[in-house]
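Enquirer: Sharing a structure here in structure tokens format.
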Amino acid sequence: MPDALPADNVGLVTPRSMTFREPLALASGAVLSDYTLAYETYGELNAARSNAILLCHALSSNHHAAGFHSMEDRKPGWWDSCVGPGKPIDTRHFFVVCSNNLGGCHGSTGPASINPATGKPYGRDFPDIVVKDWVRSQARLADALGIERWAAVVGGSLGGMQALQWSIDFPERLAHAVVIAAAPRLSAQNIAFNEVARTAIKSDPDFHDGNFYEHNVIPERGLRLARMLGHITYLSDDLMHAKFGRELQAGSPTTGYEMEFQVESYLRYQGSKFAREFDANTYLLMTKTLDHFDPARDFNNDFTQALKHVRAKFLVISFASDWRFSPARSREIVRSLLDNNLDVVYAAIEANEGHDAFLMPIPQYTKVFSAYLQQVARQVSAP
Amino acid sequence: MSLRPDLAIISDWIRPGSRVLDLGCGDGALLRHLHETRNVTGYGLEIDDANVTRCIQSGVNVIQTDLDAGLQDFTGKSFDYVIMTQTLQAVHFPDRLLEEMLRLGNEGIVTFPNFAHWNNRVQLALGGHMPMSRTLPNPWYSTPNIHLCTVTDFEQLCTERGIHVLQRVMVDHAHHRSLGDTLLPNLLGKNALYRFRRRD
């Protein structure tokens, strides 16, 4: 945390939560009798309630998108580079809402929550969740906040797919969808990486078939491995080379198997940090949700047909060095939007940062993102 | 905002309410003008970052892409017009792109600098060097124009490929209608504007 808050920061924010008593019927057929969503908001809702933007977070993220929780925080929210006064998602113009997805582990109901039926944590008994369920749970949050129609639903990676699902499931409830570094569905390679991560967690003896809570342990080794693998796929080869090269960690011997490269130390640090903060069952659930995302499945595998009722205007953004969800995957989305004669802007950003580029203040990315949302702000404020 | 004169001429060719694809749409000025004055909808394709940003600022549906990579993201005859201004001479396969234009659109519109303009002929014949002018401002080693052609060349290609020219206008370097429009176009016309369709 800097000594003083920068002028383009939303500042100190307080997470909130809302509990929904009306049962939620999930796509799997299971029913959640009640559930809680943790969320944060930035900016002010206007009198017409027309300036609200919903942010959808990525796989391992949460509702803390921008600002700081306390002056002691070392880092701001996960999308602080894009949310704040004067930033692309400009909180001077928009009321921004970000909720932790159902099944999460940062305040929303998830596997670590107490199952009212048993009085114990759900663990592996937490029902399967699909992206559609997230969208429906968020629609109820929108109802409760008095937001009938989002000015935009915005997300990167898995969050981009969630924005896409919003446009399919509630065509009248959003004016714009911003889909960044996403895909119409995962490739076999994407699913393979997720399966290795899940196997790492499940094969940790401390996992106890998902009921590790009872044993007062966490499958730390498994989570650490899962995160290390994830991180490799989030970065590009070029970025890793630029960031770490073959530099050795300070104090490392320069010969023998004991020598340690900086990239190893980085992955170990990221893995350990994540293992302490993230719930193993949530990780399994979120990766499965991601694997199963496939709007075309209900339409004979025809993604264009899946979009036939969509009304939103789209901004689609990809990054050249993203090999997890490459530009070709974004173009699949664009192609189906074009086939439906929808309004679409597509920006192919030259960036070295890999998949994680969507979280970074890359100049051309910031420019197109800002330009697009300024148009949206103009439409919102037009009489 | 006043529109470049050649774009104003093209605009007059477009029926109100039609759907347009603009290949190499630049800052989106033509599409914006067509939308505001003729209720035209459609998309622009552009590769340059700064131009893409300007298109977004103008509310133009821009797809960032390289025309040389092809137009396979578009299917069927989904446009009334496919337009390409001052770009034909800068792509790798102008002939294939012309075919693509008529795959996607009922009519095509292209504009290009006429390399057979008398001033170019003089520079090459008497000066012995590659022509440079306000229309062709770059020296040979850094010009983006890798497939320059003449009015005669273009019309010959159209004949070979079964393309029927519906309209032709010649304009000067400021893009105003010029003498070459009526008299000796291949000699006196600096820039050529064509509207064409597939021969039935």
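We label chains A, B, ... in the order they appear in the structure tokens, count residues from 1 in each chain, and number ligands from 1 in the order shown.
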What lies within 12 Å of Gly104 in chain A using only C-alpha atoms, ignoring chain neighbours under 4 positions off, as a PyMOL selection string?
Expert: chain A and resi 35-39+57-63+99-100+108-113+126+129+134+277-287+289
Enquirer: Mind listing the alpha helix (DSSP H) residues of range 30-197 of chain B, per DSSP on the backbone, as number ranges by chain?
Expert: B: 30-38, 49-57, 94-104, 118-122, 151-160, 185-188
Enquirer: Would you tabulate, counting only C-alpha atoms, all residues of chain A that have an atom at most 9 Å from an atom of chain B, showing the closest pair of atoms and their distance in Å to one decimal, sorted by chain then ascending number, as JSON lines?
Expert:
```
{"residue": "A:Arg331", "atom": "CA", "partner": "B:Asp73", "partner_atom": "CA", "distance": 7.7}
{"residue": "A:Glu332", "atom": "CA", "partner": "B:Asp73", "partner_atom": "CA", "distance": 8.2}
{"residue": "A:Val334", "atom": "CA", "partner": "B:Asp73", "partner_atom": "CA", "distance": 8.0}
{"residue": "A:Arg335", "atom": "CA", "partner": "B:Asp73", "partner_atom": "CA", "distance": 5.2}
{"residue": "A:Ser336", "atom": "CA", "partner": "B:Asp73", "partner_atom": "CA", "distance": 8.6}
{"residue": "A:Leu338", "atom": "CA", "partner": "B:Phe74", "partner_atom": "CA", "distance": 7.2}
{"residue": "A:Asp339", "atom": "CA", "partner": "B:Thr75", "partner_atom": "CA", "distance": 7.3}
{"residue": "A:Asn341", "atom": "CA", "partner": "B:Gly42", "partner_atom": "CA", "distance": 8.3}
{"residue": "A:Asp343", "atom": "CA", "partner": "B:Asn61", "partner_atom": "CA", "distance": 6.3}
{"residue": "A:Val344", "atom": "CA", "partner": "B:Asn61", "partner_atom": "CA", "distance": 5.5}
{"residue": "A:Val345", "atom": "CA", "partner": "B:Val62", "partner_atom": "CA", "distance": 5.0}
{"residue": "A:Tyr346", "atom": "CA", "partner": "B:Ile63", "partner_atom": "CA", "distance": 4.6}
{"residue": "A:Ala347", "atom": "CA", "partner": "B:Gln64", "partner_atom": "CA", "distance": 5.3}
{"residue": "A:Ala348", "atom": "CA", "partner": "B:Gln64", "partner_atom": "CA", "distance": 5.9}
{"residue": "A:Ile349", "atom": "CA", "partner": "B:Asp49", "partner_atom": "CA", "distance": 8.3}
{"residue": "A:Gln364", "atom": "CA", "partner": "B:Asp49", "partner_atom": "CA", "distance": 7.1}
{"residue": "A:Lys367", "atom": "CA", "partner": "B:Thr53", "partner_atom": "CA", "distance": 6.7}
{"residue": "A:Val368", "atom": "CA", "partner": "B:Thr53", "partner_atom": "CA", "distance": 5.4}
{"residue": "A:Ala371", "atom": "CA", "partner": "B:Gln57", "partner_atom": "CA", "distance": 5.4}
{"residue": "A:Tyr372", "atom": "CA", "partner": "B:Ile56", "partner_atom": "CA", "distance": 5.9}
{"residue": "A:Gln374", "atom": "CA", "partner": "B:Gln57", "partner_atom": "CA", "distance": 7.9}
{"residue": "A:Gln375", "atom": "CA", "partner": "B:Gln57", "partner_atom": "CA", "distance": 6.9}
```
Enquirer: CA of Ala192 in chain A and CA of Asp291 in chain A are how many Å apart?
Expert: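 So the answer is 9.4 Å.
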Enquirer: Which of range 120-234 of chain A end up as strand (DSSP E) when DSSP is run on this backbone - answer as a list of chain:residue names?
Expert: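 Residues meeting the strand (DSSP E) criterion: A:Ala152, A:Val153, A:Val154, A:Gly155, A:Gly156, A:His176, A:Ala177, A:Val178, A:Val179, A:Ile180.
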Enquirer: Need the shell around Glu264 in chain A: protein/DNA/RNA residues with any atom at most 10 Å away, counting only C-alpha atoms. Skip same-chain ones fewer than 2 positions apart. Format as a PyMOL selection string?
Expert: chain A and resi 228+244+248-249+260-262+266-270
Enquirer: What's the separation between CA of Asn51 in chain B and CA of Leu373 in chain A, in Å to one decimal place?
Expert: 17.1 Å
Enquirer: Give me the residues near Phe325 in chain A as a PyMOL selection string, where near means some atom within 8 Å (using only C-alpha atoms) and where sequence neighbours in that chain fewer than 4 positions away do not count.
Expert: chain A and resi 157+181-183+329-330+355
Enquirer: May I have the selected residues written with C-alpha atoms, as a JSON list (two decimals), in the first residue's frame?
Expert:
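Result written to result09.json:
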```json
[["chain", "number", "residue", "atom", "x", "y", "z"],
["A", 157, "SER", "CA", -10.76, -14.90, -19.36],
["A", 181, "ALA", "CA", -8.98, -12.84, -23.67],
["A", 182, "ALA", "CA", -11.77, -15.42, -23.79],
["A", 183, "ALA", "CA", -13.03, -18.26, -26.00],
["A", 329, "ARG", "CA", -10.30, -18.09, -30.15],
["A", 330, "SER", "CA", -11.51, -14.48, -29.85],
["A", 355, "HIS", "CA", -2.88, -14.36, -21.00]]
```
Enquirer: For the contact check between range 129-157 of chain B and range 102-115 of chain B, emit one row per residue of range 129-157 of chain B within 10 Å, containing the shortest atom pair and the distance in Å rounded to one decimal, counting only C-alpha atoms, chain then rising number order, as a tab-separated table.
Expert:
```
residue	atom	partner	partner_atom	distance
B:Pro131	CA	B:Phe115	CA	8.7
B:Thr135	CA	B:Pro113	CA	6.8
B:Leu136	CA	B:Pro113	CA	7.8
B:Asn145	CA	B:Pro113	CA	9.7
B:Leu148	CA	B:Phe115	CA	6.3
B:Cys149	CA	B:Phe115	CA	5.6
B:Thr150	CA	B:Asn114	CA	4.8
B:Val151	CA	B:Asn114	CA	6.0
B:Thr152	CA	B:Asn114	CA	9.1
B:Asp153	CA	B:Asn114	CA	9.6
B:Phe154	CA	B:Asn114	CA	9.4
```
Enquirer: Those selected residues, please, written with all heavy atoms and delivered as a PDB file, in the first residue's frame.
Expert:
```pdb
ATOM      1  N   PRO B 131       8.413   7.176 -60.081  1.00  0.00           N
ATOM      2  CA  PRO B 131       7.661   8.419 -59.856  1.00  0.00           C
ATOM      3  C   PRO B 131       7.341   8.644 -58.383  1.00  0.00           C
ATOM      4  O   PRO B 131       7.044   7.697 -57.660  1.00  0.00           O
ATOM      5  CB  PRO B 131       6.363   8.190 -60.646  1.00  0.00           C
ATOM      6  CG  PRO B 131       6.641   7.058 -61.565  1.00  0.00           C
ATOM      7  CD  PRO B 131       7.666   6.219 -60.893  1.00  0.00           C
ATOM      8  N   THR B 135       0.276  11.996 -54.597  1.00  0.00           N
ATOM      9  CA  THR B 135      -0.491  10.759 -54.497  1.00  0.00           C
ATOM     10  C   THR B 135       0.400   9.576 -54.133  1.00  0.00           C
ATOM     11  O   THR B 135      -0.025   8.649 -53.449  1.00  0.00           O
ATOM     12  CB  THR B 135      -1.182  10.477 -55.854  1.00  0.00           C
ATOM     13  OG1 THR B 135      -1.812  11.681 -56.271  1.00  0.00           O
ATOM     14  CG2 THR B 135      -2.223   9.388 -55.732  1.00  0.00           C
ATOM     15  N   LEU B 136       1.649   9.634 -54.600  1.00  0.00           N
ATOM     16  CA  LEU B 136       2.618   8.555 -54.315  1.00  0.00           C
ATOM     17  C   LEU B 136       3.827   9.161 -53.611  1.00  0.00           C
ATOM     18  O   LEU B 136       4.882   9.348 -54.214  1.00  0.00           O
ATOM     19  CB  LEU B 136       3.058   7.878 -55.622  1.00  0.00           C
ATOM     20  CG  LEU B 136       1.961   7.278 -56.503  1.00  0.00           C
ATOM     21  CD1 LEU B 136       2.513   6.893 -57.865  1.00  0.00           C
ATOM     22  CD2 LEU B 136       1.342   6.064 -55.816  1.00  0.00           C
ATOM     23  N   ASN B 145       3.028   0.695 -51.499  1.00  0.00           N
ATOM     24  CA  ASN B 145       2.312   0.359 -52.747  1.00  0.00           C
ATOM     25  C   ASN B 145       3.093  -0.654 -53.559  1.00  0.00           C
ATOM     26  O   ASN B 145       3.945  -0.308 -54.371  1.00  0.00           O
ATOM     27  CB  ASN B 145       2.080   1.638 -53.560  1.00  0.00           C
ATOM     28  CG  ASN B 145       1.278   2.642 -52.766  1.00  0.00           C
ATOM     29  OD1 ASN B 145       0.383   2.279 -52.009  1.00  0.00           O
ATOM     30  ND2 ASN B 145       1.618   3.918 -52.926  1.00  0.00           N
ATOM     31  N   LEU B 148       1.086  -1.440 -57.814  1.00  0.00           N
ATOM     32  CA  LEU B 148       0.515  -0.305 -58.539  1.00  0.00           C
ATOM     33  C   LEU B 148      -0.002  -0.752 -59.904  1.00  0.00           C
ATOM     34  O   LEU B 148       0.571  -1.643 -60.536  1.00  0.00           O
ATOM     35  CB  LEU B 148       1.576   0.790 -58.700  1.00  0.00           C
ATOM     36  CG  LEU B 148       1.865   1.554 -57.399  1.00  0.00           C
ATOM     37  CD1 LEU B 148       3.221   2.229 -57.443  1.00  0.00           C
ATOM     38  CD2 LEU B 148       0.755   2.562 -57.117  1.00  0.00           C
ATOM     39  N   CYS B 149      -1.086  -0.133 -60.348  1.00  0.00           N
ATOM     40  CA  CYS B 149      -1.625  -0.487 -61.651  1.00  0.00           C
ATOM     41  C   CYS B 149      -2.183   0.750 -62.343  1.00  0.00           C
ATOM     42  O   CYS B 149      -2.236   1.833 -61.754  1.00  0.00           O
ATOM     43  CB  CYS B 149      -2.714  -1.561 -61.508  1.00  0.00           C
ATOM     44  SG  CYS B 149      -4.229  -0.952 -60.757  1.00  0.00           S
ATOM     45  N   THR B 150      -2.601   0.571 -63.563  1.00  0.00           N
ATOM     46  CA  THR B 150      -3.156   1.675 -64.340  1.00  0.00           C
ATOM     47  C   THR B 150      -4.635   1.400 -64.611  1.00  0.00           C
ATOM     48  O   THR B 150      -5.119   0.287 -64.373  1.00  0.00           O
ATOM     49  CB  THR B 150      -2.433   1.806 -65.692  1.00  0.00           C
ATOM     50  OG1 THR B 150      -2.825   0.684 -66.505  1.00  0.00           O
ATOM     51  CG2 THR B 150      -0.923   1.800 -65.512  1.00  0.00           C
ATOM     52  N   VAL B 151      -5.324   2.431 -65.106  1.00  0.00           N
ATOM     53  CA  VAL B 151      -6.735   2.290 -65.460  1.00  0.00           C
ATOM     54  C   VAL B 151      -6.903   1.143 -66.465  1.00  0.00           C
ATOM     55  O   VAL B 151      -7.783   0.298 -66.331  1.00  0.00           O
ATOM     56  CB  VAL B 151      -7.255   3.628 -66.034  1.00  0.00           C
ATOM     57  CG1 VAL B 151      -8.557   3.440 -66.786  1.00  0.00           C
ATOM     58  CG2 VAL B 151      -7.423   4.636 -64.891  1.00  0.00           C
ATOM     59  N   THR B 152      -5.988   1.088 -67.431  1.00  0.00           N
ATOM     60  CA  THR B 152      -6.057   0.040 -68.448  1.00  0.00           C
ATOM     61  C   THR B 152      -5.864  -1.351 -67.830  1.00  0.00           C
ATOM     62  O   THR B 152      -6.611  -2.283 -68.112  1.00  0.00           O
ATOM     63  CB  THR B 152      -4.969   0.277 -69.525  1.00  0.00           C
ATOM     64  OG1 THR B 152      -5.162   1.585 -70.046  1.00  0.00           O
ATOM     65  CG2 THR B 152      -5.055  -0.752 -70.635  1.00  0.00           C
ATOM     66  N   ASP B 153      -4.847  -1.449 -66.929  1.00  0.00           N
ATOM     67  CA  ASP B 153      -4.585  -2.737 -66.258  1.00  0.00           C
ATOM     68  C   ASP B 153      -5.814  -3.208 -65.499  1.00  0.00           C
ATOM     69  O   ASP B 153      -6.205  -4.371 -65.569  1.00  0.00           O
ATOM     70  CB  ASP B 153      -3.434  -2.598 -65.246  1.00  0.00           C
ATOM     71  CG  ASP B 153      -2.098  -2.357 -65.910  1.00  0.00           C
ATOM     72  OD1 ASP B 153      -1.925  -2.812 -67.053  1.00  0.00           O
ATOM     73  OD2 ASP B 153      -1.230  -1.726 -65.272  1.00  0.00           O
ATOM     74  N   PHE B 154      -6.395  -2.287 -64.723  1.00  0.00           N
ATOM     75  CA  PHE B 154      -7.514  -2.661 -63.859  1.00  0.00           C
ATOM     76  C   PHE B 154      -8.695  -3.153 -64.685  1.00  0.00           C
ATOM     77  O   PHE B 154      -9.307  -4.180 -64.384  1.00  0.00           O
ATOM     78  CB  PHE B 154      -7.921  -1.477 -62.974  1.00  0.00           C
ATOM     79  CG  PHE B 154      -9.043  -1.811 -62.023  1.00  0.00           C
ATOM     80  CD1 PHE B 154      -8.813  -2.547 -60.871  1.00  0.00           C
ATOM     81  CD2 PHE B 154     -10.345  -1.400 -62.298  1.00  0.00           C
ATOM     82  CE1 PHE B 154      -9.847  -2.873 -60.006  1.00  0.00           C
ATOM     83  CE2 PHE B 154     -11.399  -1.729 -61.437  1.00  0.00           C
ATOM     84  CZ  PHE B 154     -11.142  -2.470 -60.284  1.00  0.00           C
TER      85      PHE B 154
END
```
Enquirer: Find the distance between CA of Ala306 in chain A and CA of Ile168 in chain A and write it in Å to one decimal.
Expert: 7.3 Å
Enquirer: Can you tell me which residues surround Thr199 in chain A at a distance of at most 12 Å, considering only C-alpha atoms, apart from same-chain residues fewer than 2 positions away, and format the answer as a short mmCIF file (atom, residue, chain, number, x, y, z; two decimals) with all heavy atoms, in the first residue's frame?
Expert:
```
data_model
loop_
_atom_site.label_atom_id
_atom_site.label_comp_id
_atom_site.auth_asym_id
_atom_site.auth_seq_id
_atom_site.Cartn_x
_atom_site.Cartn_y
_atom_site.Cartn_z
N ALA A 192 -7.03 -30.14 -20.51
CA ALA A 192 -5.93 -30.99 -20.05
C ALA A 192 -5.15 -30.29 -18.93
O ALA A 192 -4.84 -30.89 -17.90
CB ALA A 192 -5.01 -31.34 -21.22
N PHE A 193 -4.82 -29.03 -19.13
CA PHE A 193 -4.12 -28.28 -18.09
C PHE A 193 -4.94 -28.26 -16.79
O PHE A 193 -4.41 -28.45 -15.70
CB PHE A 193 -3.83 -26.84 -18.54
CG PHE A 193 -2.58 -26.71 -19.36
CD1 PHE A 193 -2.63 -26.24 -20.67
CD2 PHE A 193 -1.35 -27.05 -18.83
CE1 PHE A 193 -1.48 -26.13 -21.44
CE2 PHE A 193 -0.19 -26.93 -19.59
CZ PHE A 193 -0.25 -26.47 -20.89
N ASN A 194 -6.25 -28.02 -16.92
CA ASN A 194 -7.09 -27.99 -15.72
C ASN A 194 -7.10 -29.34 -15.02
O ASN A 194 -7.12 -29.41 -13.78
CB ASN A 194 -8.53 -27.58 -16.09
CG ASN A 194 -8.64 -26.09 -16.34
OD1 ASN A 194 -7.77 -25.32 -15.95
ND2 ASN A 194 -9.72 -25.67 -16.98
N GLU A 195 -7.08 -30.40 -15.81
CA GLU A 195 -7.13 -31.73 -15.20
C GLU A 195 -5.84 -32.04 -14.44
O GLU A 195 -5.88 -32.67 -13.38
CB GLU A 195 -7.43 -32.80 -16.26
CG GLU A 195 -7.49 -34.22 -15.75
CD GLU A 195 -8.47 -34.45 -14.59
OE1 GLU A 195 -9.35 -33.59 -14.35
OE2 GLU A 195 -8.35 -35.48 -13.90
N VAL A 196 -4.71 -31.61 -14.97
CA VAL A 196 -3.45 -31.81 -14.24
C VAL A 196 -3.51 -31.07 -12.90
O VAL A 196 -3.13 -31.61 -11.85
CB VAL A 196 -2.24 -31.34 -15.07
CG1 VAL A 196 -0.95 -31.46 -14.25
CG2 VAL A 196 -2.11 -32.16 -16.35
N ALA A 197 -4.05 -29.85 -12.93
CA ALA A 197 -4.16 -29.07 -11.70
C ALA A 197 -5.07 -29.77 -10.69
O ALA A 197 -4.76 -29.86 -9.50
CB ALA A 197 -4.70 -27.67 -12.02
N ILE A 201 -4.24 -31.56 -6.82
CA ILE A 201 -4.97 -31.32 -5.56
C ILE A 201 -5.51 -32.62 -4.99
O ILE A 201 -5.32 -32.93 -3.81
CB ILE A 201 -6.13 -30.32 -5.81
CG1 ILE A 201 -5.56 -28.93 -6.10
CG2 ILE A 201 -7.07 -30.27 -4.60
CD1 ILE A 201 -6.57 -27.91 -6.55
N LYS A 202 -6.14 -33.41 -5.83
CA LYS A 202 -6.81 -34.61 -5.34
C LYS A 202 -5.81 -35.66 -4.83
O LYS A 202 -6.15 -36.49 -4.00
CB LYS A 202 -7.66 -35.24 -6.45
CG LYS A 202 -8.93 -34.45 -6.76
CD LYS A 202 -9.74 -35.24 -7.77
CE LYS A 202 -10.73 -34.39 -8.50
NZ LYS A 202 -11.22 -35.08 -9.70
N SER A 203 -4.59 -35.64 -5.37
CA SER A 203 -3.63 -36.66 -4.96
C SER A 203 -2.83 -36.23 -3.73
O SER A 203 -1.99 -36.98 -3.24
CB SER A 203 -2.70 -37.02 -6.12
OG SER A 203 -2.07 -35.86 -6.60
N ASP A 204 -3.10 -35.02 -3.23
CA ASP A 204 -2.46 -34.59 -1.99
C ASP A 204 -3.13 -35.35 -0.83
O ASP A 204 -4.35 -35.29 -0.68
CB ASP A 204 -2.65 -33.08 -1.83
CG ASP A 204 -1.90 -32.53 -0.63
OD1 ASP A 204 -1.76 -33.26 0.38
OD2 ASP A 204 -1.45 -31.37 -0.69
N PRO A 205 -2.34 -36.08 0.00
CA PRO A 205 -2.94 -36.85 1.11
C PRO A 205 -3.77 -35.97 2.05
O PRO A 205 -4.69 -36.46 2.70
CB PRO A 205 -1.72 -37.42 1.84
CG PRO A 205 -0.59 -37.32 0.91
CD PRO A 205 -0.87 -36.22 -0.08
N PHE A 207 -5.88 -33.85 1.18
CA PHE A 207 -7.16 -33.47 0.53
C PHE A 207 -8.34 -34.19 1.18
O PHE A 207 -9.44 -33.64 1.29
CB PHE A 207 -7.09 -33.79 -0.97
CG PHE A 207 -8.34 -33.40 -1.73
CD1 PHE A 207 -8.78 -32.08 -1.76
CD2 PHE A 207 -9.08 -34.36 -2.42
CE1 PHE A 207 -9.94 -31.74 -2.46
CE2 PHE A 207 -10.23 -34.02 -3.11
CZ PHE A 207 -10.66 -32.71 -3.13
N ASP A 209 -10.40 -36.46 0.28
CA ASP A 209 -11.59 -36.50 -0.58
C ASP A 209 -12.46 -35.25 -0.43
O ASP A 209 -13.69 -35.30 -0.51
CB ASP A 209 -12.41 -37.76 -0.27
CG ASP A 209 -13.32 -38.12 -1.43
OD1 ASP A 209 -12.98 -37.73 -2.57
OD2 ASP A 209 -14.37 -38.74 -1.20
N PRO A 219 -4.91 -29.07 1.60
CA PRO A 219 -4.01 -29.77 0.66
C PRO A 219 -3.07 -28.77 0.00
O PRO A 219 -3.16 -28.49 -1.19
CB PRO A 219 -4.99 -30.38 -0.35
CG PRO A 219 -6.22 -29.53 -0.28
CD PRO A 219 -6.28 -28.94 1.09
N ARG A 221 0.16 -28.76 -0.69
CA ARG A 221 1.09 -29.16 -1.76
C ARG A 221 0.36 -29.25 -3.10
O ARG A 221 0.87 -28.83 -4.13
CB ARG A 221 1.74 -30.50 -1.41
CG ARG A 221 2.80 -30.39 -0.35
CD ARG A 221 3.06 -31.72 0.32
NE ARG A 221 1.90 -32.16 1.11
CZ ARG A 221 1.84 -33.30 1.78
NH1 ARG A 221 2.85 -34.14 1.73
NH2 ARG A 221 0.77 -33.62 2.49
N GLY A 222 -0.84 -29.78 -3.07
CA GLY A 222 -1.61 -29.91 -4.30
C GLY A 222 -1.98 -28.56 -4.88
O GLY A 222 -1.84 -28.31 -6.08
N LEU A 223 -2.47 -27.68 -4.02
CA LEU A 223 -2.85 -26.34 -4.47
C LEU A 223 -1.65 -25.59 -5.04
O LEU A 223 -1.76 -24.88 -6.05
CB LEU A 223 -3.41 -25.54 -3.29
CG LEU A 223 -4.92 -25.61 -3.09
CD1 LEU A 223 -5.29 -25.01 -1.74
CD2 LEU A 223 -5.66 -24.84 -4.20
N LEU A 225 1.04 -26.85 -6.46
CA LEU A 225 1.36 -27.38 -7.79
C LEU A 225 0.36 -26.86 -8.83
O LEU A 225 0.73 -26.48 -9.94
CB LEU A 225 1.29 -28.91 -7.77
CG LEU A 225 2.57 -29.65 -7.43
CD1 LEU A 225 2.28 -31.14 -7.38
CD2 LEU A 225 3.61 -29.36 -8.51
N ALA A 226 -0.93 -26.87 -8.45
CA ALA A 226 -1.97 -26.42 -9.38
C ALA A 226 -1.71 -24.98 -9.79
O ALA A 226 -1.81 -24.62 -10.97
CB ALA A 226 -3.33 -26.55 -8.72
N LEU A 229 1.40 -24.57 -12.10
CA LEU A 229 1.07 -24.94 -13.47
C LEU A 229 0.25 -23.83 -14.14
O LEU A 229 0.53 -23.43 -15.27
CB LEU A 229 0.27 -26.25 -13.47
CG LEU A 229 -0.21 -26.71 -14.85
CD1 LEU A 229 0.96 -27.20 -15.67
CD2 LEU A 229 -1.27 -27.78 -14.74
N ALA A 280 -9.33 -25.42 -1.84
CA ALA A 280 -9.05 -26.46 -2.83
C ALA A 280 -10.33 -26.89 -3.56
O ALA A 280 -10.33 -27.09 -4.78
CB ALA A 280 -8.39 -27.66 -2.16
N TYR A 283 -11.29 -24.44 -6.13
CA TYR A 283 -10.46 -24.54 -7.34
C TYR A 283 -10.95 -25.66 -8.26
O TYR A 283 -11.04 -25.50 -9.48
CB TYR A 283 -8.99 -24.77 -6.97
CG TYR A 283 -8.05 -24.42 -8.10
CD1 TYR A 283 -7.70 -23.10 -8.34
CD2 TYR A 283 -7.55 -25.39 -8.95
CE1 TYR A 283 -6.87 -22.76 -9.40
CE2 TYR A 283 -6.72 -25.07 -10.01
CZ TYR A 283 -6.38 -23.75 -10.23
OH TYR A 283 -5.56 -23.42 -11.28
N LEU A 284 -11.33 -26.79 -7.64
CA LEU A 284 -11.85 -27.91 -8.44
C LEU A 284 -13.15 -27.48 -9.13
O LEU A 284 -13.37 -27.73 -10.32
CB LEU A 284 -12.12 -29.13 -7.55
CG LEU A 284 -10.93 -29.72 -6.81
CD1 LEU A 284 -11.37 -30.95 -6.02
CD2 LEU A 284 -9.82 -30.10 -7.79
N THR A 287 -12.61 -24.76 -11.99
CA THR A 287 -12.00 -25.29 -13.22
C THR A 287 -13.00 -26.18 -13.96
O THR A 287 -13.05 -26.16 -15.19
CB THR A 287 -10.71 -26.08 -12.93
OG1 THR A 287 -10.97 -27.08 -11.93
CG2 THR A 287 -9.60 -25.17 -12.43
#
```
Enquirer: Can you work out which one of A:Tyr365, A:Asn51, A:Leu342, A:Lys288 has the shortest atom-to-atom distance to Leu174 in chain A, counting only C-alpha atoms?
Expert: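 Between A:Tyr365, A:Asn51, A:Leu342, A:Lys288, the residue approaching Leu174 in chain A most closely is A:Asn51.
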Enquirer: If you count only C-alpha atoms, which residues fall within 6 Å of range 162-167 of chain B, apart from same-chain ones fewer than 3 positions away, as JSON, numbers by chain?
Expert: {"B": [158, 159, 194, 195, 196, 197, 198, 199]}
Enquirer: Let's have the selection written as a tab-separated table (two decimals), in the first residue's frame, with N, CA, C and O atoms.
Expert:
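Printed below is part-v3.tsv as written:
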```tsv
chain	number	residue	atom	x	y	z
B	158	CYS	N	-10.57	-6.80	-64.81
B	158	CYS	CA	-12.01	-6.95	-64.62
B	158	CYS	C	-12.60	-7.80	-65.75
B	158	CYS	O	-13.41	-8.71	-65.51
B	159	THR	N	-12.19	-7.51	-66.98
B	159	THR	CA	-12.70	-8.27	-68.12
B	159	THR	C	-12.35	-9.75	-68.00
B	159	THR	O	-13.19	-10.62	-68.17
B	194	TYR	N	-13.93	3.21	-58.94
B	194	TYR	CA	-14.73	2.25	-59.72
B	194	TYR	C	-15.85	1.65	-58.88
B	194	TYR	O	-15.66	1.37	-57.70
B	195	ARG	N	-16.98	1.43	-59.53
B	195	ARG	CA	-18.04	0.62	-58.94
B	195	ARG	C	-18.30	-0.53	-59.89
B	195	ARG	O	-18.39	-0.32	-61.11
B	196	PHE	N	-18.38	-1.76	-59.37
B	196	PHE	CA	-18.46	-2.92	-60.27
B	196	PHE	C	-19.27	-4.03	-59.64
B	196	PHE	O	-19.54	-4.02	-58.44
B	197	ARG	N	-19.67	-4.97	-60.48
B	197	ARG	CA	-20.34	-6.16	-59.97
B	197	ARG	C	-19.99	-7.37	-60.83
B	197	ARG	O	-19.36	-7.23	-61.88
B	198	ARG	N	-20.37	-8.54	-60.35
B	198	ARG	CA	-20.11	-9.75	-61.11
B	198	ARG	C	-20.95	-9.73	-62.38
B	198	ARG	O	-22.13	-9.38	-62.34
B	199	ARG	N	-20.36	-10.07	-63.55
B	199	ARG	CA	-21.13	-10.12	-64.79
B	199	ARG	C	-22.13	-11.27	-64.70
B	199	ARG	O	-21.78	-12.35	-64.24
```
Enquirer: Of the candidates B:Leu7, B:Pro144, B:Arg168, B:Trp13, which one gets nearest to Asp181 in chain B if we count only C-alpha atoms?
Expert: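 Using only C-alpha atoms, Asp181 in chain B sits closest to B:Arg168.
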Enquirer: Find the residues near Gly354 in chain A: any atom within 8 Å, counting only C-alpha atoms, skip ones fewer than 3 places away on the same chain, and give them as a VMD selection string.
Expert: chain A and resid 234 to 236 239 319 to 324 351 357
